[in-house]
Each structure stands twice: as C-alpha cells, then as structure tokens.
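Asker: What follows is a single structure, and I will ask about it in a moment.
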Amino acid sequence: MTKLGFIGVGNMGGAIIKGIKGKLGNTAVFAYDAAPEKLKDLGFFSATAAHSIAELSEKCDYIVLAVKPQQLDGVLAEIKAAGNKELTLISICAGISAEYIRERTFSNAKIVLVMPNTPMMLGEGASAISRGEGVSDKEFEFAKKIIGSCGIVEAIPMDKMKEIIAINGSSPAFIYLFAKSFVAYAEKAGIDKDAALRLFAQSLIGSAKMMTSGPTIDELIKQVSSPGGTTIAGLGELYDGKMLECVVRACEACTKRAYELGEEKK
C-alpha cells in the first residue's frame, strides 16, 4: 500500500485531499496541520489525521508540502530530523526551489515542484509540475495523478517554474480584474451586474474551450471580428491601449518578484 501524507490542510492542501478521494487506488492518506480544527473532517474524504510531522515523515512514501513559504523552514527541519530519505516531497510552495528544499532536508532528496492555482478548489485547477533529480518515472506519474485529481496538470522544465507562475498561478487574479472592468461597464450602461457577471463568466468558459478546440488564437479572434463591426471597434481600443504589452509587463513583474522571493528565502 502506498502512503501519502499532507502537511497543511488549508485551501490548496484541502482541495487536493478532496480531489483524490477514490482516485489513487491502494493508497492510505494522512494529513497534519498545526491548526487541529482543519483536521476534523478528514474522515469524510477517507483520510486520517496524523499527530505530528515526524509521524508523517516516518510512515509515508510521499508528502505534499502545502504550507505557506514562511512556515516551510520549520517543516523541513522536522522532516530532516525524522530521517526518512526515501520520501518523495511534492511542494506546492510558490517560488521555493528544489535546491532550497534539499539544503534543508537531504542532499539527494527526491523533489517534485508544483505551481497550482486557486480554481483547484473547484476541481478546475491548472497546475504546472516539474520533476527533480532522482525521481523515478513511477514516482513522477503518481505525483501527476495526485495533482491532476483537481484539474489538469502539465509537466514543464524545473528551470521554468518561476516563469510559469504568471501564466497559471497569478493569471486568475488578472482575469478577475479583467472581469471587473466588464461588470463596471455593465453597471454604467444600466445592466444588472449579476446578470452581466454570469454572462461574462460563461463567455470565459466557452472561450477557454474554443482555445483548445483546434483553431489558433488569431483565428478565433477573426471568427468574432466582422469587418467594420462592433468587435473590431472594441479591439481597436484594446490595441491602442497596448493591452498585449501591458499583460507581458505584468507577467514579467510576477517572474521578477518570484526570483526576488527565492533570494530572500536563502
């Protein structure tokens, strides 16, 4: 039997525990959180509360690190003290490198890095995953299965895990801000904001499906844009406002800050 542990049962850790229920075959799931109240409903999701990080580290084959970066050093110290060098550590801590984790646990620690996003809480996550040295094919596939239980998962190179943050980790906030501007326009035009939000949200869902249906993004834009029509008029304003360049700058700012945070944690 495979034994999987979670350290941290907050929004993301809790979402994964819920998502994997019944999907991992012969796997026992355990979890620990410094706030005991977060462990009270684990039984409903076929998971068992652990009494300590040491207990998890000693008994588990895999551990998902789902704590805030500022809590990570203490957690890693306890994992190191437990001495189980066969663990595969799956980290969803943004901006934390595999080297950082190895330096605080074991020099040959098996590490998988994950950049999830908050839609994971609805089972609609889009997570990037990267495989560290020493992680076997079987271990990596299991890690992908864990994370993929709450949405889609895409493998990317380890040295691009900071760059990917803007694309799937931070982008929901950018999309929400974009949505806010459409709702503001609706209110200004005298349209019920709740109805407008529902229409825009469904437009996002449909547009997302269209983007993975075959045509290129440019072809999809053209499908909506009749010559001399309303969409062309609106697109002209977005191009004049340099929306594309603005989004790239936002992504670059995300990446810059990710590297800064990595340096601050050294």
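In the structure tokens, chains take the letters A, B, ... in the order shown, each chain's residues start at 1, and ligands count up from 1 in the order shown.
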Considering only C-alpha atoms, return as a list in words whatever protein or nucleic-acid residues lie within 10 Å of Ala34 in chain A, sequence-local ones (same chain, fewer than 5 positions apart) excluded.

Answerer: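 These residues fall inside the cut-off: Ile7, Gly8, Val9, Leu39, His51, Ser52, Ile53 and Val67 of chain A.
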
Asker: Could you write those residues out with N, CA and C atoms, as a PDB file, in the first residue's frame?

Answerer:
ATOM      1  N   ILE A   7       1.130  17.896   4.585  1.00  0.00           N
ATOM      2  CA  ILE A   7       1.443  18.836   5.649  1.00  0.00           C
ATOM      3  C   ILE A   7       0.823  20.163   5.252  1.00  0.00           C
ATOM      4  N   GLY A   8      -0.248  20.521   5.932  1.00  0.00           N
ATOM      5  CA  GLY A   8      -1.027  21.706   5.576  1.00  0.00           C
ATOM      6  C   GLY A   8      -2.350  21.312   4.954  1.00  0.00           C
ATOM      7  N   VAL A   9      -3.450  21.688   5.616  1.00  0.00           N
ATOM      8  CA  VAL A   9      -4.781  21.373   5.108  1.00  0.00           C
ATOM      9  C   VAL A   9      -5.563  22.681   4.957  1.00  0.00           C
ATOM     10  N   LEU A  39      -8.449  19.448  10.699  1.00  0.00           N
ATOM     11  CA  LEU A  39      -8.342  18.003  10.504  1.00  0.00           C
ATOM     12  C   LEU A  39      -9.642  17.267  10.824  1.00  0.00           C
ATOM     13  N   HIS A  51      -0.552  12.963  14.079  1.00  0.00           N
ATOM     14  CA  HIS A  51      -0.302  13.751  15.279  1.00  0.00           C
ATOM     15  C   HIS A  51       0.878  14.710  15.131  1.00  0.00           C
ATOM     16  N   SER A  52       1.732  14.455  14.143  1.00  0.00           N
ATOM     17  CA  SER A  52       2.933  15.286  14.006  1.00  0.00           C
ATOM     18  C   SER A  52       3.527  15.146  12.621  1.00  0.00           C
ATOM     19  N   ILE A  53       4.402  16.074  12.293  1.00  0.00           N
ATOM     20  CA  ILE A  53       5.152  15.993  11.032  1.00  0.00           C
ATOM     21  C   ILE A  53       6.090  14.801  11.064  1.00  0.00           C
ATOM     22  N   VAL A  67       2.140  24.186   2.795  1.00  0.00           N
ATOM     23  CA  VAL A  67       2.193  25.234   3.815  1.00  0.00           C
ATOM     24  C   VAL A  67       2.652  26.538   3.187  1.00  0.00           C
TER      25      VAL A  67
END

Asker: Which polymer residues have any atom within 12 Å of an atom of Lys144 in chain A, counting only C-alpha atoms, with same-chain residues fewer than 5 positions away left out, as a list in words?

Answerer: Ile16, Ile20, Leu24, Val64, Ile90, Val112, Leu113, Val114, Met115, Pro116, Ala126, Ser127, Ala128, Ile129, Ser130, Arg131, Asp137, Lys138, Glu139, Ser149, Cys150, Gly151, Ile152, Val153, Glu154, Ala155 and Ile156 of chain A

Asker: When distances are computed from only C-alpha atoms, which of A:Gly43, A:Gly95, A:Gly13, A:Gly134 shows the smallest separation from Arg257 in chain A?

Answerer: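 Selected residue with least distance to Arg257 in chain A: A:Gly95.
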
Asker: Can you list, as a short mmCIF file (atom, residue, chain, number, x, y, z; two decimals) with N, CA and C atoms, in the first residue's frame, every protein, DNA or RNA residue that comes within 10 Å of range 195-197 of chain A when you count only C-alpha atoms, leaving out same-chain residues fewer than 3 positions away?

Answerer:
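Once written, part.cif looks like this:
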data_model
loop_
_atom_site.label_atom_id
_atom_site.label_comp_id
_atom_site.auth_asym_id
_atom_site.auth_seq_id
_atom_site.Cartn_x
_atom_site.Cartn_y
_atom_site.Cartn_z
N ALA A 179 -12.48 40.86 -15.66
CA ALA A 179 -13.92 40.69 -15.48
C ALA A 179 -14.54 41.89 -14.77
N LYS A 180 -13.82 42.42 -13.78
CA LYS A 180 -14.33 43.56 -13.02
C LYS A 180 -14.61 44.75 -13.93
N PHE A 182 -15.53 44.65 -17.09
CA PHE A 182 -16.76 44.40 -17.86
C PHE A 182 -18.00 44.62 -17.01
N VAL A 183 -17.93 44.19 -15.75
CA VAL A 183 -19.06 44.41 -14.84
C VAL A 183 -19.25 45.90 -14.57
N ALA A 184 -18.14 46.64 -14.45
CA ALA A 184 -18.23 48.10 -14.25
C ALA A 184 -18.90 48.76 -15.45
N TYR A 185 -18.55 48.30 -16.65
CA TYR A 185 -19.20 48.84 -17.85
C TYR A 185 -20.70 48.53 -17.84
N ALA A 186 -21.05 47.29 -17.43
CA ALA A 186 -22.47 46.90 -17.40
C ALA A 186 -23.26 47.82 -16.47
N GLU A 187 -22.70 48.08 -15.29
CA GLU A 187 -23.38 48.97 -14.33
C GLU A 187 -23.54 50.37 -14.92
N ILE A 191 -27.11 47.91 -16.83
CA ILE A 191 -27.39 46.47 -16.90
C ILE A 191 -27.14 45.86 -15.53
N ASP A 192 -28.00 44.94 -15.13
CA ASP A 192 -27.83 44.27 -13.84
C ASP A 192 -26.45 43.62 -13.76
N PHE A 200 -20.63 37.05 -18.62
CA PHE A 200 -19.20 37.15 -18.89
C PHE A 200 -18.47 35.89 -18.44
N ALA A 201 -18.84 35.36 -17.27
CA ALA A 201 -18.20 34.15 -16.77
C ALA A 201 -18.41 32.98 -17.74
N GLN A 202 -19.64 32.85 -18.25
CA GLN A 202 -19.90 31.78 -19.21
C GLN A 202 -19.15 32.02 -20.52
N SER A 203 -18.98 33.29 -20.89
CA SER A 203 -18.20 33.60 -22.08
C SER A 203 -16.74 33.17 -21.90
#

Asker: Compare A:Ala253, A:Ile147, A:Met161, A:Ile111 by their minimum atom-to-atom distance to Glu124 in chain A, counting only C-alpha atoms, and give me the closest one.

Answerer: A:Ile147

Asker: Please, what distance in Å, to one decimal, runs between CA of Thr88 in chain A and CA of Ala54 in chain A?

Answerer: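 We find that CA of Thr88 in chain A and CA of Ala54 in chain A lie 14.9 Å from each other.
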
Asker: Running DSSP on the backbone, which parts of range 1-138 of chain A land in helix (DSSP H, G or I), as a ChimeraX atom specification?

Answerer: /A:11-20,36-39,42-45,53-59,69-82,98-104,118-122,137-138

Asker: Can you tell me, as a VMD selection string, what residues are no more than 6 Å from Lys3 in chain A when counting only C-alpha atoms, ignoring any on the same chain fewer than 5 positions away?

Answerer: chain A and resid 27 to 28 60 to 61

Asker: Those residues you just picked out, can you put them in a file as a short mmCIF file (atom, residue, chain, number, x, y, z; two decimals), in the first residue's frame with C-alpha atoms?

Answerer:
data_model
loop_
_atom_site.label_atom_id
_atom_site.label_comp_id
_atom_site.auth_asym_id
_atom_site.auth_seq_id
_atom_site.Cartn_x
_atom_site.Cartn_y
_atom_site.Cartn_z
CA THR A 27 -3.33 4.41 -1.14
CA ALA A 28 -3.64 5.44 2.51
CA CYS A 60 4.77 7.96 4.29
CA ASP A 61 6.19 7.35 0.81
#

Asker: Between A:Leu87, A:Ile96, A:Met211, A:Ala35, which is the closest to Glu260 in chain A once you count only C-alpha atoms?

Answerer: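 Once distances to Glu260 in chain A are computed over only C-alpha atoms, the minimum belongs to A:Ile96.
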
Asker: Which residue out of A:Leu122, A:Ile17, A:Val135, A:Leu235 has the minimum interatomic distance to Glu86 in chain A when only C-alpha atoms are used?

Answerer: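 With only C-alpha atoms as the atom set, the closest residue is A:Val135.
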
Asker: As a compact mmCIF listing (two decimals) with all heavy atoms, in the first residue's frame, please: all residues of range 133-167 of chain A that backbone DSSP puts in strand (DSSP E or B).

Answerer:
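The result, stored in selection_29.txt:
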# COMPACT_ATOMS: atom_id res chain seq x y z
N GLY A 151 -7.98 18.87 -11.56
CA GLY A 151 -7.93 19.65 -12.79
C GLY A 151 -6.92 19.06 -13.76
O GLY A 151 -6.70 17.85 -13.78
N ILE A 152 -6.29 19.91 -14.55
CA ILE A 152 -5.27 19.43 -15.49
C ILE A 152 -3.89 19.70 -14.91
O ILE A 152 -3.70 20.57 -14.05
CB ILE A 152 -5.40 20.08 -16.88
CG1 ILE A 152 -4.99 21.56 -16.84
CG2 ILE A 152 -6.81 19.91 -17.43
CD1 ILE A 152 -4.70 22.13 -18.22
N VAL A 153 -2.91 18.95 -15.40
CA VAL A 153 -1.54 19.14 -14.96
C VAL A 153 -0.64 19.05 -16.18
O VAL A 153 -0.83 18.19 -17.05
CB VAL A 153 -1.15 18.10 -13.88
CG1 VAL A 153 -1.28 16.68 -14.39
CG2 VAL A 153 0.26 18.35 -13.35
N GLU A 154 0.33 19.96 -16.28
CA GLU A 154 1.26 19.99 -17.40
C GLU A 154 2.70 19.96 -16.86
O GLU A 154 3.04 20.75 -15.97
CB GLU A 154 1.07 21.25 -18.25
CG GLU A 154 -0.24 21.32 -19.01
CD GLU A 154 -0.28 20.39 -20.21
OE1 GLU A 154 0.79 19.92 -20.63
OE2 GLU A 154 -1.39 20.14 -20.72
N ALA A 155 3.51 19.05 -17.37
CA ALA A 155 4.91 18.96 -16.96
C ALA A 155 5.74 20.00 -17.70
O ALA A 155 5.62 20.15 -18.92
CB ALA A 155 5.45 17.56 -17.24

Asker: Provide the CA of Ile175 in chain A to CA of Met210 in chain A distance in Å, to one decimal place.

Answerer: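 CA of Ile175 in chain A sits 16.8 Å away from CA of Met210 in chain A.
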
Asker: Leaving out Ala77 in chain A and any residue of its chain fewer than 6 positions from it, which residues lie within 12 Å of it when counting only C-alpha atoms, given as a list in words?

Answerer: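 Near Ala77 in chain A, the qualifying residues are Ile53, Ala54, Ser57, Gln71, Gly83, Ile101, Arg102, Glu103, Arg104, Thr105 and Phe106 of chain A.
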
Asker: Residues as selected, N, CA, C and O atoms, written as an mmCIF file, in the first residue's frame, can you do that?

Answerer:
data_model
loop_
_atom_site.group_PDB
_atom_site.id
_atom_site.type_symbol
_atom_site.label_atom_id
_atom_site.label_comp_id
_atom_site.auth_asym_id
_atom_site.auth_seq_id
_atom_site.Cartn_x
_atom_site.Cartn_y
_atom_site.Cartn_z
ATOM 1 N N ILE A 53 4.402 16.074 12.293
ATOM 2 C CA ILE A 53 5.152 15.993 11.032
ATOM 3 C C ILE A 53 6.090 14.801 11.064
ATOM 4 O O ILE A 53 6.274 14.106 10.058
ATOM 5 N N ALA A 54 6.662 14.539 12.221
ATOM 6 C CA ALA A 54 7.568 13.394 12.361
ATOM 7 C C ALA A 54 6.849 12.087 12.043
ATOM 8 O O ALA A 54 7.388 11.216 11.339
ATOM 9 N N SER A 57 6.386 11.837 8.312
ATOM 10 C CA SER A 57 7.663 11.647 7.630
ATOM 11 C C SER A 57 8.162 10.216 7.769
ATOM 12 O O SER A 57 8.781 9.676 6.850
ATOM 13 N N GLN A 71 6.372 29.241 6.679
ATOM 14 C CA GLN A 71 6.306 28.117 7.609
ATOM 15 C C GLN A 71 7.205 26.960 7.185
ATOM 16 O O GLN A 71 7.401 26.003 7.941
ATOM 17 N N GLY A 83 14.390 11.644 9.385
ATOM 18 C CA GLY A 83 15.417 10.807 8.766
ATOM 19 C C GLY A 83 15.005 9.878 7.650
ATOM 20 O O GLY A 83 15.797 9.033 7.230
ATOM 21 N N ILE A 101 14.933 23.174 -0.811
ATOM 22 C CA ILE A 101 14.387 22.076 -0.012
ATOM 23 C C ILE A 101 15.474 21.060 0.315
ATOM 24 O O ILE A 101 15.567 20.572 1.457
ATOM 25 N N ARG A 102 16.316 20.738 -0.660
ATOM 26 C CA ARG A 102 17.403 19.777 -0.404
ATOM 27 C C ARG A 102 18.362 20.283 0.663
ATOM 28 O O ARG A 102 18.835 19.512 1.510
ATOM 29 N N GLU A 103 18.687 21.556 0.607
ATOM 30 C CA GLU A 103 19.624 22.120 1.578
ATOM 31 C C GLU A 103 19.107 21.994 3.004
ATOM 32 O O GLU A 103 19.899 21.953 3.953
ATOM 33 N N ARG A 104 17.805 21.901 3.159
ATOM 34 C CA ARG A 104 17.204 21.854 4.495
ATOM 35 C C ARG A 104 16.663 20.478 4.864
ATOM 36 O O ARG A 104 16.115 20.302 5.955
ATOM 37 N N THR A 105 16.809 19.520 3.943
ATOM 38 C CA THR A 105 16.398 18.143 4.262
ATOM 39 C C THR A 105 17.559 17.188 3.987
ATOM 40 O O THR A 105 18.413 17.000 4.843
ATOM 41 N N PHE A 106 17.602 16.630 2.781
ATOM 42 C CA PHE A 106 18.642 15.668 2.423
ATOM 43 C C PHE A 106 19.240 16.057 1.076
ATOM 44 O O PHE A 106 18.525 16.494 0.183
#

Asker: Counting only C-alpha atoms, what is within 10 Å of range 239-250 of chain A, bar same-chain residues fewer than 6 positions away, as a PyMOL selection string?

Answerer: chain A and resi 166+170-171+174+256

Asker: From the set A:Leu76, A:Ala15, A:Ala98, A:Met1, which residue has the shortest atom-to-atom contact distance to Lys59 in chain A, counting only C-alpha atoms?

Answerer: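 When distances to Lys59 in chain A are compared using only C-alpha atoms, the smallest one comes from A:Met1.
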
Asker: Closest to Leu65 in chain A among A:Ala173, A:Ile79, A:Ile232, A:Ile165, using only C-alpha atoms?

Answerer: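 For Leu65 in chain A, the nearest of the given residues is A:Ile79.
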
Asker: Write out as a PyMOL selection string each polymer residue whose atoms come within 12 Å of Gln70 in chain A, counting only C-alpha atoms; drop sequence neighbours fewer than 6 positions from it.

Answerer: chain A and resi 76+93-96+261-262+264-266

Asker: Separation of CA of Cys251 in chain A and CA of Ile167 in chain A, in Å?

Answerer: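 Between CA of Cys251 in chain A and CA of Ile167 in chain A the gap works out to 7.3 Å.
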